[in-house]
Protein chains: 2
Amino acid sequence: MVKKKKAANPRRSQVERSATSRQRLLSAAAAEFAARGFAGANVDRIARAARVNKAMIYYHFKSKAALYREILRDMFEAVAVRVSAAAQDPAAPAEKVRAFVDAIATEAEARPHFPPIWFREIAEGGAHLDETTVASITGIIGALGRILHEGRAAGRFQAVNPLLVHAGIVGPLRRRLERGGVPGASMVSRDQVVAHVQRVALLALEGPTA
Amino acid sequence: MVKKKKAANPRRSQVERSATSRQRLLSAAAAEFAARGFAGANVDRIARAARVNKAMIYYHFKSKAALYREILRDMFEAVAVRVSAAAQDPAAPAEKVRAFVDAIATEAEARPHFPPIWFREIAEGGAHLDETTVASITGIIGALGRILHEGRAAGRFQAVNPLLVHAGIVGPLRRRLERGGVPGASMVSRDQVVAHVQRVALLALEGPTA
DNA sequence: GTCTATAAATAGATAGAC
DNA sequence: GTCTATCTATTTATAGAC
C-alpha cells in the first residue's frame, strides 16, 4: 500500500492546509499594493491587516516581490480568460466590444484592487511583471485587437489604434475617486460607468470620422 | 543708506544664485518620481542623475516629500492655468473641448513626466497632494465641468459625468507603452493621440444616446 | 552653495522555538 | 503552520567642515 497523501499536487495540498492565512494574506496584500503601490507597500502592514504573523508571508511566499507577482498573475489571468471568451463568442463585433468592457468591469468588481494596481503597472511600464503576466496582458490587448479587426473587416468599425481604445476603456473603469473634494465623484454607479464606457467605445469605433 | 541686496524676495534670489543645481534636481526628481513613484523614488539616485550632491536636496528642499509636492504643484498649476483659459475662451463648446484636450496634451508634452505621475496620484487617491494642488485639480475638473454644462445648456451636449469624460481624456493621454511586447505600442504619434481623444470625447458628448 | 561622514529610522528577511 | 526575536540592508536626513 503506497501512501498517497504526499503524492497530491503540492500546490493544492498547501492551499487545503492553509487556505485561511494564505488567503487572508493575498487579499490584505492586494489592498495594500493597490493603495500604496509595490514600493510603498509594507509587509508589516499587510501581515497586521491579514491578522497573520509577518513570518507567514515568507512561509507562503518567497518574498514581497513574489507575493506581488502572484497577485498580478492571478488578476491578469482571470481578465485574460474572460476577455478571450468574449472575443471568441459568435456575436457581432459591437456586441463583442460590449462583452469585452463588461468582462473587465466584472473582474474589476470581483477584485476591487485590480484597477489601481493595473494603473500603477501602466505608469511603471510593467516593471514588476513576470513573463506569465506579460503574456496575459498581451492576450488581453490581442483579444481586443482581434475584435477591432473583425469589425473593421465587416465594414462596421473604422481603423483606430487598439491601445488607444484600450486606454479609453481602462481609464474610466477605475474606482471612483472618493476624496479630494471632487464633486459628484462617488455618485457614479458601476452600471453607469460600464454603460458610459461601452457607449463611448462603440462611438469611437462606429461613429463618423469628423 | 540702507542696504538693499538682502531685501529682495528670498525665493527669487535663491533661484538666481542656484538655478542650476535646483533646476537639475527638479527635473531629475520628476523623472525619478515618474518612473518609480514617490515611495519607489530614491534620493541618492535623484542626486546622482542631477549630478548634484545629495545634501543639496535638503538644502534646496525640506525633504523628499517636499520636493515631490513642489513638482506636483508646478505641474498641476500649469495645467490648471491653461485649462481655465481654454474654458473661458469665447468659442463653441465643442471647440473648448478640443482646447481642453490640447491644453493637457501640451503641458504633458512640455513635462514628459507629468502623465505617469498623474496616473499614480489617481491610483493613490491623491495621497501626496497638498491643498494648493488639490485646488488645481479641482479647478481642472471644474473647468471641464463648466464646458460640459455650457454645451448642455446650448443643446449641443448630452448629460455625461465630467469625471468619466475626464478619465476618458487622461487615460489615453499618457505616454505610449514602450515595452512589454505590445505590438504597435510606439507607433502612435502625439498628434494621432490628441486627435483620437478629441474625436472620442466629442462623440461621447454629441453622439447618439444608444 | 557644496561636500564628507554619519546618524537614525525603516523595512525586508531569516533563525529557531513551539 | 505559527510565533518571537533579531539581523541586515537600505535609505532618509543631518551635522559640520570648507
# chains A, B, ... in the order shown; residues from 1 in each chain; ligands from 1
call {"tool": "interface_residues", "arguments": {"of": "chain B", "to": "chain C", "cutoff": "12 Å", "atoms": "only C-alpha atoms (C1' of nucleotides)", "output": "PyMOL selection string"}}
result
chain B and resi 14+17-22+51-57+59-60
call {"tool": "interface_residues", "arguments": {"of": "chain B", "to": "chain D", "cutoff": "9 Å", "atoms": "only C-alpha atoms (C1' of nucleotides)", "output": "JSON list (two decimals) with C-alpha atoms, in the first residue's frame"}}
result
[["chain", "number", "residue", "atom", "x", "y", "z"],
["B", 42, "ASN", "CA", 15.43, 57.22, -4.24],
["B", 43, "VAL", "CA", 17.08, 60.48, -3.27],
["B", 44, "ASP", "CA", 20.55, 59.16, -3.96],
["B", 55, "ALA", "CA", 22.80, 67.09, 0.63],
["B", 58, "TYR", "CA", 17.85, 69.04, 1.73],
["B", 63, "SER", "CA", 12.57, 66.74, 2.39],
["B", 64, "LYS", "CA", 11.89, 64.16, -0.27]]
call {"tool": "closest_atom_pairs", "arguments": {"of": "chain B", "to": "chain A", "cutoff": "8 Å", "atoms": "only C-alpha atoms", "output": "Markdown table"}}
result
| residue | atom | partner | partner_atom | distance |
| --- | --- | --- | --- | --- |
| B:Ala34 | CA | A:Ala123 | CA | 7.6 |
| B:Ala35 | CA | A:Glu124 | CA | 5.8 |
| B:Arg36 | CA | A:Glu124 | CA | 6.5 |
| B:Phe38 | CA | A:Gly40 | CA | 7.9 |
| B:Ala39 | CA | A:Gly40 | CA | 4.9 |
| B:Gly40 | CA | A:Ala39 | CA | 4.9 |
| B:Pro116 | CA | A:Ala123 | CA | 4.9 |
| B:Ile117 | CA | A:Ala123 | CA | 7.6 |
| B:Phe119 | CA | A:Ala123 | CA | 6.3 |
| B:Arg120 | CA | A:Arg120 | CA | 5.9 |
| B:Ile122 | CA | A:Leu177 | CA | 7.7 |
| B:Ala123 | CA | A:Pro116 | CA | 4.8 |
| B:Glu124 | CA | A:Ala35 | CA | 5.7 |
| B:Gly125 | CA | A:Leu177 | CA | 6.3 |
| B:Gly126 | CA | A:Gly180 | CA | 7.0 |
| B:Val134 | CA | A:Gly180 | CA | 6.4 |
| B:Thr138 | CA | A:Val182 | CA | 6.1 |
| B:Ile141 | CA | A:Val182 | CA | 7.7 |
| B:Asn161 | CA | A:Val188 | CA | 7.9 |
| B:Leu163 | CA | A:Ala185 | CA | 6.9 |
| B:Leu164 | CA | A:Pro172 | CA | 5.7 |
| B:Val165 | CA | A:Pro172 | CA | 7.9 |
| B:Ala167 | CA | A:Pro172 | CA | 4.9 |
| B:Gly168 | CA | A:Gly168 | CA | 5.2 |
| B:Ile169 | CA | A:Gly168 | CA | 7.5 |
| B:Val170 | CA | A:Gly171 | CA | 7.3 |
| B:Gly171 | CA | A:Gly171 | CA | 4.4 |
| B:Pro172 | CA | A:Ala167 | CA | 4.9 |
| B:Leu177 | CA | A:Gly125 | CA | 6.4 |
| B:Glu178 | CA | A:Gly125 | CA | 7.3 |
| B:Arg179 | CA | A:Gly125 | CA | 6.9 |
| B:Gly180 | CA | A:Val134 | CA | 6.5 |
| B:Gly181 | CA | A:Thr138 | CA | 7.1 |
| B:Val182 | CA | A:Thr138 | CA | 6.0 |
| B:Ala185 | CA | A:Leu163 | CA | 6.9 |
| B:Val188 | CA | A:Asn161 | CA | 7.8 |
| B:Val193 | CA | A:Leu164 | CA | 7.5 |
| B:His196 | CA | A:Leu164 | CA | 7.9 |
| B:Arg199 | CA | A:Ala210 | CA | 7.3 |
| B:Val200 | CA | A:Ala204 | CA | 5.4 |
| B:Leu203 | CA | A:Leu203 | CA | 6.2 |
| B:Ala204 | CA | A:Val200 | CA | 5.3 |
| B:Gly207 | CA | A:Leu203 | CA | 7.2 |
| B:Thr209 | CA | A:Arg199 | CA | 7.8 |
| B:Ala210 | CA | A:Arg199 | CA | 7.3 |
call {"tool": "write_last_selection", "arguments": {"atoms": "C-alpha atoms", "output": "PDB file, in the first residue's frame"}}
result
ATOM      1  CA  ALA B  34       7.548  59.316 -12.802  1.00  0.00           C
ATOM      2  CA  ALA B  35       9.473  56.103 -13.242  1.00  0.00           C
ATOM      3  CA  ARG B  36       9.172  54.731  -9.721  1.00  0.00           C
ATOM      4  CA  PHE B  38       7.027  58.551  -4.639  1.00  0.00           C
ATOM      5  CA  ALA B  39       7.800  55.582  -2.426  1.00  0.00           C
ATOM      6  CA  GLY B  40       9.955  53.904  -5.035  1.00  0.00           C
ATOM      7  CA  PRO B 116       2.824  58.914 -15.237  1.00  0.00           C
ATOM      8  CA  ILE B 117       2.869  60.997 -12.083  1.00  0.00           C
ATOM      9  CA  PHE B 119      -1.611  58.358 -13.171  1.00  0.00           C
ATOM     10  CA  ARG B 120      -0.027  57.351  -9.917  1.00  0.00           C
ATOM     11  CA  ILE B 122      -5.023  58.968  -9.343  1.00  0.00           C
ATOM     12  CA  ALA B 123      -4.314  55.403  -8.309  1.00  0.00           C
ATOM     13  CA  GLU B 124      -3.271  56.625  -4.897  1.00  0.00           C
ATOM     14  CA  GLY B 125      -6.329  58.795  -4.419  1.00  0.00           C
ATOM     15  CA  GLY B 126      -4.173  61.897  -4.171  1.00  0.00           C
ATOM     16  CA  VAL B 134      -5.909  69.739  -4.747  1.00  0.00           C
ATOM     17  CA  THR B 138     -10.468  70.762  -8.594  1.00  0.00           C
ATOM     18  CA  ILE B 141     -12.235  69.192 -13.274  1.00  0.00           C
ATOM     19  CA  ASN B 161     -20.457  62.709 -15.885  1.00  0.00           C
ATOM     20  CA  LEU B 163     -15.280  62.708 -14.206  1.00  0.00           C
ATOM     21  CA  LEU B 164     -15.882  59.962 -16.713  1.00  0.00           C
ATOM     22  CA  VAL B 165     -15.154  62.274 -19.591  1.00  0.00           C
ATOM     23  CA  ALA B 167     -10.906  59.848 -17.253  1.00  0.00           C
ATOM     24  CA  GLY B 168     -11.528  59.122 -20.900  1.00  0.00           C
ATOM     25  CA  ILE B 169      -9.237  62.003 -21.760  1.00  0.00           C
ATOM     26  CA  VAL B 170      -6.445  61.433 -19.285  1.00  0.00           C
ATOM     27  CA  GLY B 171      -6.408  57.677 -19.795  1.00  0.00           C
ATOM     28  CA  PRO B 172      -5.199  57.677 -23.383  1.00  0.00           C
ATOM     29  CA  LEU B 177       3.886  51.935 -23.665  1.00  0.00           C
ATOM     30  CA  GLU B 178       7.384  51.346 -24.865  1.00  0.00           C
ATOM     31  CA  ARG B 179       7.946  47.776 -23.845  1.00  0.00           C
ATOM     32  CA  GLY B 180       6.122  44.622 -22.844  1.00  0.00           C
ATOM     33  CA  GLY B 181       5.840  43.172 -26.294  1.00  0.00           C
ATOM     34  CA  VAL B 182       2.660  45.041 -27.092  1.00  0.00           C
ATOM     35  CA  ALA B 185       2.676  50.450 -28.923  1.00  0.00           C
ATOM     36  CA  VAL B 188       1.198  56.304 -32.166  1.00  0.00           C
ATOM     37  CA  VAL B 193      -3.333  60.552 -29.831  1.00  0.00           C
ATOM     38  CA  HIS B 196      -8.240  60.429 -31.276  1.00  0.00           C
ATOM     39  CA  ARG B 199     -12.797  62.851 -31.506  1.00  0.00           C
ATOM     40  CA  VAL B 200     -13.855  60.336 -28.891  1.00  0.00           C
ATOM     41  CA  LEU B 203     -18.576  61.727 -29.879  1.00  0.00           C
ATOM     42  CA  ALA B 204     -19.283  60.907 -26.272  1.00  0.00           C
ATOM     43  CA  GLY B 207     -23.234  61.386 -30.361  1.00  0.00           C
ATOM     44  CA  THR B 209     -27.535  58.038 -26.752  1.00  0.00           C
ATOM     45  CA  ALA B 210     -27.939  54.498 -27.982  1.00  0.00           C
TER      46      ALA B 210
END
call {"tool": "residues_around", "arguments": {"residues": "Pro90 in chain A", "least_positions_apart": "5", "cutoff": "12 Å", "atoms": "only C-alpha atoms (C1' of nucleotides)", "output": "mmCIF file with N, CA and C atoms, in the first residue's frame"}}
result
data_model
loop_
_atom_site.group_PDB
_atom_site.id
_atom_site.type_symbol
_atom_site.label_atom_id
_atom_site.label_comp_id
_atom_site.auth_asym_id
_atom_site.auth_seq_id
_atom_site.Cartn_x
_atom_site.Cartn_y
_atom_site.Cartn_z
ATOM 1 N N ALA A 85 -12.697 34.777 -23.996
ATOM 2 C CA ALA A 85 -14.016 34.194 -24.221
ATOM 3 C C ALA A 85 -14.916 35.186 -24.944
ATOM 4 N N GLU A 95 -21.189 43.806 -30.294
ATOM 5 C CA GLU A 95 -21.567 43.069 -29.092
ATOM 6 C C GLU A 95 -20.326 42.562 -28.357
ATOM 7 N N LYS A 96 -19.331 42.212 -29.117
ATOM 8 C CA LYS A 96 -18.088 41.741 -28.501
ATOM 9 C C LYS A 96 -17.373 42.852 -27.743
ATOM 10 N N ALA A 99 -19.055 43.094 -24.575
ATOM 11 C CA ALA A 99 -18.655 41.972 -23.715
ATOM 12 C C ALA A 99 -17.245 42.176 -23.166
ATOM 13 N N ILE A 147 -11.023 41.699 -32.054
ATOM 14 C CA ILE A 147 -12.395 42.214 -32.164
ATOM 15 C C ILE A 147 -12.436 43.419 -33.095
ATOM 16 N N GLU A 150 -11.901 42.394 -36.703
ATOM 17 C CA GLU A 150 -13.104 41.740 -37.229
ATOM 18 C C GLU A 150 -14.172 42.776 -37.610
#
call {"tool": "atom_distance", "arguments": {"atom1": "CA of Lys62 in chain B", "atom2": "CA of Thr132 in chain B"}}
result
17.3 Å
